[in-house]
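Okay, my_file_13.csv now, which holds CSV, C-alpha atoms:
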```
chain,number,residue,atom,x,y,z
A,1,MET,CA,-19.6,38.0,-19.8
A,2,ASN,CA,-19.8,38.0,-16.0
A,3,ALA,CA,-22.2,40.4,-14.3
A,4,LEU,CA,-19.7,41.4,-11.7
A,5,ASN,CA,-16.8,41.8,-14.0
A,6,PRO,CA,-17.7,42.4,-17.7
A,7,ASN,CA,-14.2,41.4,-18.9
A,8,MET,CA,-14.3,37.9,-17.4
A,9,PRO,CA,-15.9,35.1,-19.4
A,10,ARG,CA,-19.0,33.4,-18.1
A,11,SER,CA,-18.2,30.3,-16.1
A,12,HIS,CA,-20.4,27.2,-16.2
A,13,GLY,CA,-20.5,25.2,-13.0
A,14,GLY,CA,-17.9,25.9,-10.3
A,15,PRO,CA,-14.6,27.8,-9.9
A,16,ALA,CA,-12.6,28.3,-13.0
A,17,GLY,CA,-9.3,26.8,-11.4
A,18,LYS,CA,-10.8,23.3,-10.8
A,19,GLN,CA,-10.3,21.8,-14.2
A,20,ARG,CA,-8.7,18.4,-14.8
A,21,SER,CA,-5.0,18.5,-15.1
A,22,GLY,CA,-3.4,15.3,-16.4
A,23,PRO,CA,-4.5,12.1,-18.1
A,24,ARG,CA,-7.3,9.9,-16.7
A,25,PHE,CA,-6.4,6.5,-15.2
A,26,PRO,CA,-6.2,4.0,-18.0
A,27,ARG,CA,-9.2,1.6,-18.0
A,28,LEU,CA,-7.4,-1.4,-19.4
A,29,PRO,CA,-5.3,-2.2,-16.3
A,30,LEU,CA,-8.3,-1.6,-14.1
A,31,VAL,CA,-10.4,-4.0,-16.2
A,32,LEU,CA,-7.6,-6.6,-16.3
A,33,GLY,CA,-7.1,-6.4,-12.5
A,34,LEU,CA,-10.8,-6.9,-11.8
A,35,GLY,CA,-10.8,-9.8,-14.3
A,36,LEU,CA,-7.9,-11.4,-12.4
A,37,LEU,CA,-9.6,-10.9,-9.1
A,38,GLY,CA,-12.8,-12.5,-10.5
A,39,PHE,CA,-10.9,-15.4,-12.0
A,40,SER,CA,-9.2,-16.0,-8.6
A,41,VAL,CA,-12.4,-16.1,-6.7
A,42,SER,CA,-14.1,-18.4,-9.2
A,43,ALA,CA,-11.1,-20.8,-9.2
A,44,ILE,CA,-11.2,-21.0,-5.4
A,45,ALA,CA,-14.9,-21.6,-5.5
A,46,PHE,CA,-14.5,-24.3,-8.2
A,47,GLY,CA,-11.7,-26.0,-6.1
A,48,MET,CA,-13.7,-26.0,-2.9
A,49,ASN,CA,-16.8,-27.4,-4.6
A,50,THR,CA,-15.2,-30.1,-6.8
A,51,GLY,CA,-12.0,-30.9,-4.8
A,52,ILE,CA,-9.9,-30.5,-7.8
A,53,GLY,CA,-6.6,-28.8,-7.0
A,54,VAL,CA,-7.1,-28.8,-3.3
A,55,MET,CA,-4.3,-30.0,-1.1
A,56,ARG,CA,-5.3,-32.8,1.3
A,57,ASP,CA,-3.6,-34.2,4.4
A,58,VAL,CA,-2.3,-37.6,3.2
A,59,THR,CA,-0.2,-38.5,6.3
A,60,GLY,CA,-3.1,-40.1,8.1
A,61,SER,CA,-2.9,-40.6,11.9
A,62,PRO,CA,0.2,-41.2,13.9
A,63,GLN,CA,1.3,-44.8,14.3
A,64,ALA,CA,4.3,-44.2,16.7
A,65,ILE,CA,5.4,-41.2,18.7
A,66,ARG,CA,8.5,-40.7,20.8
A,67,ASP,CA,9.7,-37.5,22.6
A,68,ILE,CA,13.4,-37.1,22.8
A,69,THR,CA,15.8,-34.7,24.5
A,70,ILE,CA,19.3,-33.8,23.3
A,71,ALA,CA,22.3,-33.2,25.6
A,72,GLY,CA,25.6,-31.8,24.2
A,73,THR,CA,26.6,-29.3,21.5
A,74,HIS,CA,27.1,-29.6,17.7
A,75,ASP,CA,30.9,-29.9,18.0
A,76,THR,CA,30.9,-32.4,20.9
A,77,GLU,CA,29.3,-35.8,21.6
A,78,ILE,CA,25.6,-35.6,21.8
A,79,THR,CA,23.3,-37.9,23.8
A,80,ILE,CA,19.8,-38.6,22.6
A,81,SER,CA,17.5,-39.7,25.5
A,82,ASP,CA,13.9,-40.6,25.8
A,83,ALA,CA,12.1,-37.6,27.3
A,84,ARG,CA,9.7,-39.6,29.4
A,85,SER,CA,11.9,-42.3,30.9
A,86,GLY,CA,15.2,-40.5,30.7
A,87,GLU,CA,16.8,-43.7,29.2
A,88,THR,CA,19.7,-43.0,26.7
A,89,ILE,CA,18.7,-44.0,23.2
A,90,THR,CA,22.1,-43.4,21.5
A,91,THR,CA,25.2,-41.3,21.8
A,92,LEU,CA,26.7,-39.7,18.6
A,93,SER,CA,30.3,-38.6,18.3
A,94,PRO,CA,31.1,-35.5,16.3
A,95,SER,CA,31.8,-37.8,13.2
A,96,GLU,CA,28.6,-39.7,13.5
A,97,GLY,CA,24.9,-39.0,12.6
A,98,GLY,CA,25.5,-36.1,10.3
A,99,PHE,CA,21.9,-35.6,9.2
A,100,VAL,CA,20.5,-36.2,12.8
A,101,ARG,CA,23.0,-33.7,14.2
A,102,GLY,CA,22.3,-31.1,11.4
A,103,SER,CA,18.5,-31.3,11.6
A,104,LEU,CA,18.6,-31.0,15.4
A,105,ARG,CA,21.0,-28.1,15.2
A,106,GLY,CA,18.6,-26.3,12.8
A,107,LEU,CA,15.7,-26.8,15.2
A,108,THR,CA,17.8,-25.7,18.1
A,109,ARG,CA,18.8,-22.5,16.2
A,110,LEU,CA,15.1,-21.8,15.6
A,111,ARG,CA,14.5,-22.1,19.4
A,112,GLN,CA,17.2,-19.7,20.1
A,113,VAL,CA,15.8,-17.1,17.7
A,114,ALA,CA,12.3,-17.6,19.1
A,115,GLY,CA,13.6,-17.3,22.6
A,116,THR,CA,11.9,-20.6,23.7
A,117,PRO,CA,13.5,-23.0,26.3
A,118,LEU,CA,16.2,-25.3,24.9
A,119,ASP,CA,15.3,-28.1,27.3
A,120,GLN,CA,11.9,-28.9,25.7
A,121,PRO,CA,11.7,-32.3,24.0
A,122,TYR,CA,11.6,-32.9,20.2
A,123,ARG,CA,9.0,-35.3,18.9
A,124,ILE,CA,9.5,-38.1,16.3
A,125,ILE,CA,6.3,-39.3,14.6
A,126,LYS,CA,5.8,-42.1,12.2
A,127,TRP,CA,2.6,-41.6,10.3
A,128,GLU,CA,0.1,-44.0,8.8
A,129,ASN,CA,1.4,-43.6,5.3
A,130,GLY,CA,5.0,-44.4,6.4
A,131,THR,CA,6.3,-40.8,6.5
A,132,VAL,CA,8.5,-39.9,9.5
A,133,SER,CA,8.5,-36.3,10.9
A,134,LEU,CA,10.5,-34.4,13.5
A,135,SER,CA,8.6,-31.8,15.5
A,136,ASP,CA,9.8,-29.2,17.9
A,137,THR,CA,7.4,-29.1,20.8
A,138,ALA,CA,8.7,-25.6,21.8
A,139,THR,CA,8.2,-23.7,18.5
A,140,GLY,CA,5.7,-26.0,16.7
A,141,GLU,CA,8.0,-26.4,13.7
A,142,ARG,CA,7.8,-29.8,11.9
A,143,ILE,CA,10.1,-31.4,9.3
A,144,TYR,CA,8.9,-34.2,7.2
A,145,LEU,CA,12.1,-36.3,7.0
A,146,ASN,CA,11.2,-38.4,3.9
A,147,ALA,CA,11.7,-35.2,1.8
A,148,PHE,CA,15.4,-35.6,2.5
A,149,GLY,CA,15.5,-39.2,1.3
A,150,PRO,CA,14.8,-42.6,2.7
A,151,ASP,CA,18.2,-43.0,4.4
A,152,HIS,CA,17.7,-39.8,6.4
A,153,ALA,CA,14.2,-40.8,7.4
A,154,ALA,CA,15.5,-44.2,8.5
A,155,ALA,CA,18.0,-42.6,10.8
A,156,TYR,CA,15.2,-41.1,12.8
A,157,GLU,CA,13.0,-44.2,12.4
A,158,GLN,CA,15.8,-46.2,14.2
A,159,LEU,CA,15.5,-43.8,17.2
A,160,LEU,CA,11.7,-44.4,17.1
A,161,ALA,CA,12.1,-48.2,16.6
A,162,SER,CA,14.3,-48.6,19.7
A,163,ARG,CA,11.2,-48.0,21.8
A,164,GLY,CA,9.3,-50.8,20.1
A,165,ASN,CA,7.0,-48.6,18.0
A,166,GLU,CA,4.4,-48.2,20.7
A,167,LYS,CA,1.3,-46.6,19.4
A,168,PRO,CA,0.3,-43.3,20.9
```
Could you quickly redo this structure as structure tokens?
Amino acid sequence: MNALNPNMPRSHGGPAGKQRSGPRFPRLPLVLGLGLLGFSVSAIAFGMNTGIGVMRDVTGSPQAIRDITIAGTHDTEITISDARSGETITTLSPSEGGFVRGSLRGLTRLRQVAGTPLDQPYRIIKWENGTVSLSDTATGERIYLNAFGPDHAAAYEQLLASRGNEKP
């Protein structure tokens, strides 16, 4: 009985309306989540200490670099020129250089989306391990051309080779 109201039952510790309503959070998902978090942290620590499973830069240092500029559009003749000297490297008609035209068109589209200047040069790099990459100096995007096959990488390597493969 309550001293103020004899008809009310005696309450033990706090207001009568603050009792739990509903089930408790299940412990199994909480324990499994913490276990996954612990495993992830230990796997990262293991990889950092042993080197197992860690990605390494295997391209090495650049062996040849050439900056190029493009004049023309995807449905007309395009002229590829050396960015430093302004000398014309090659001219591709709409039926030639499908991979070169397509990859440059993709990078140009990224420039338009990013709102960067379209007249900045592109950079062709031949790496120490033989990989050839195409970089956009305006957006920082880089495409490793060997991923598309040796013939496609060779198309850009020819643009690089016409310079004499000068080292940077």
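If all atoms listed in the file are the atoms counted, then among A:Gly98, A:Pro23, A:Gly53, A:Gly72 the closest residue to His152 in chain A is A:Gly98.
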(message) Give me the residues near range 148-151 of chain A as an MDAnalysis selection string, where near means some atom within 12 Å (using only C-alpha atoms) and where sequence neighbours in that chain fewer than 2 positions away do not count.
(response) chainID A and resid 97:100 103 130:133 143:146 153:158
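Candidate residues A:Thr88, A:Thr116, A:Thr76, A:Asn129 were compared for distance to Gly60 in chain A, and the nearest is A:Asn129, using all atoms listed in the file.
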(message) Give me the residues near Thr79 in chain A as a ChimeraX atom specification, where near means some atom within 6 Å (using only C-alpha atoms) and where sequence neighbours in that chain fewer than 3 positions away do not count.
(response) /A:70-71,91
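The coordinates place CA of Asp75 in chain A at 23.5 Å from CA of Thr139 in chain A.
The space between CA of Pro62 in chain A and CA of Gly86 in chain A spans 22.5 Å.
Here CA of Arg24 in chain A stands at a distance of 26.0 Å from CA of Phe39 in chain A.
The residue that comes closest to Leu104 in chain A, out of A:Thr90, A:Ser42, A:Asn49, A:Ser135 and on the basis of all atoms listed in the file, is A:Ser135.
Among the candidate residues A:Ile68, A:Ser95, A:Glu87, A:Gly140, the one lying nearest to Leu110 in chain A is A:Gly140, with distances computed using only C-alpha atoms.
Distance annotation: of A:Ala138, A:Gly35, A:Phe25, A:Asp67, the residue with the minimal separation from Pro117 in chain A is A:Ala138; atom set is all atoms listed in the file.
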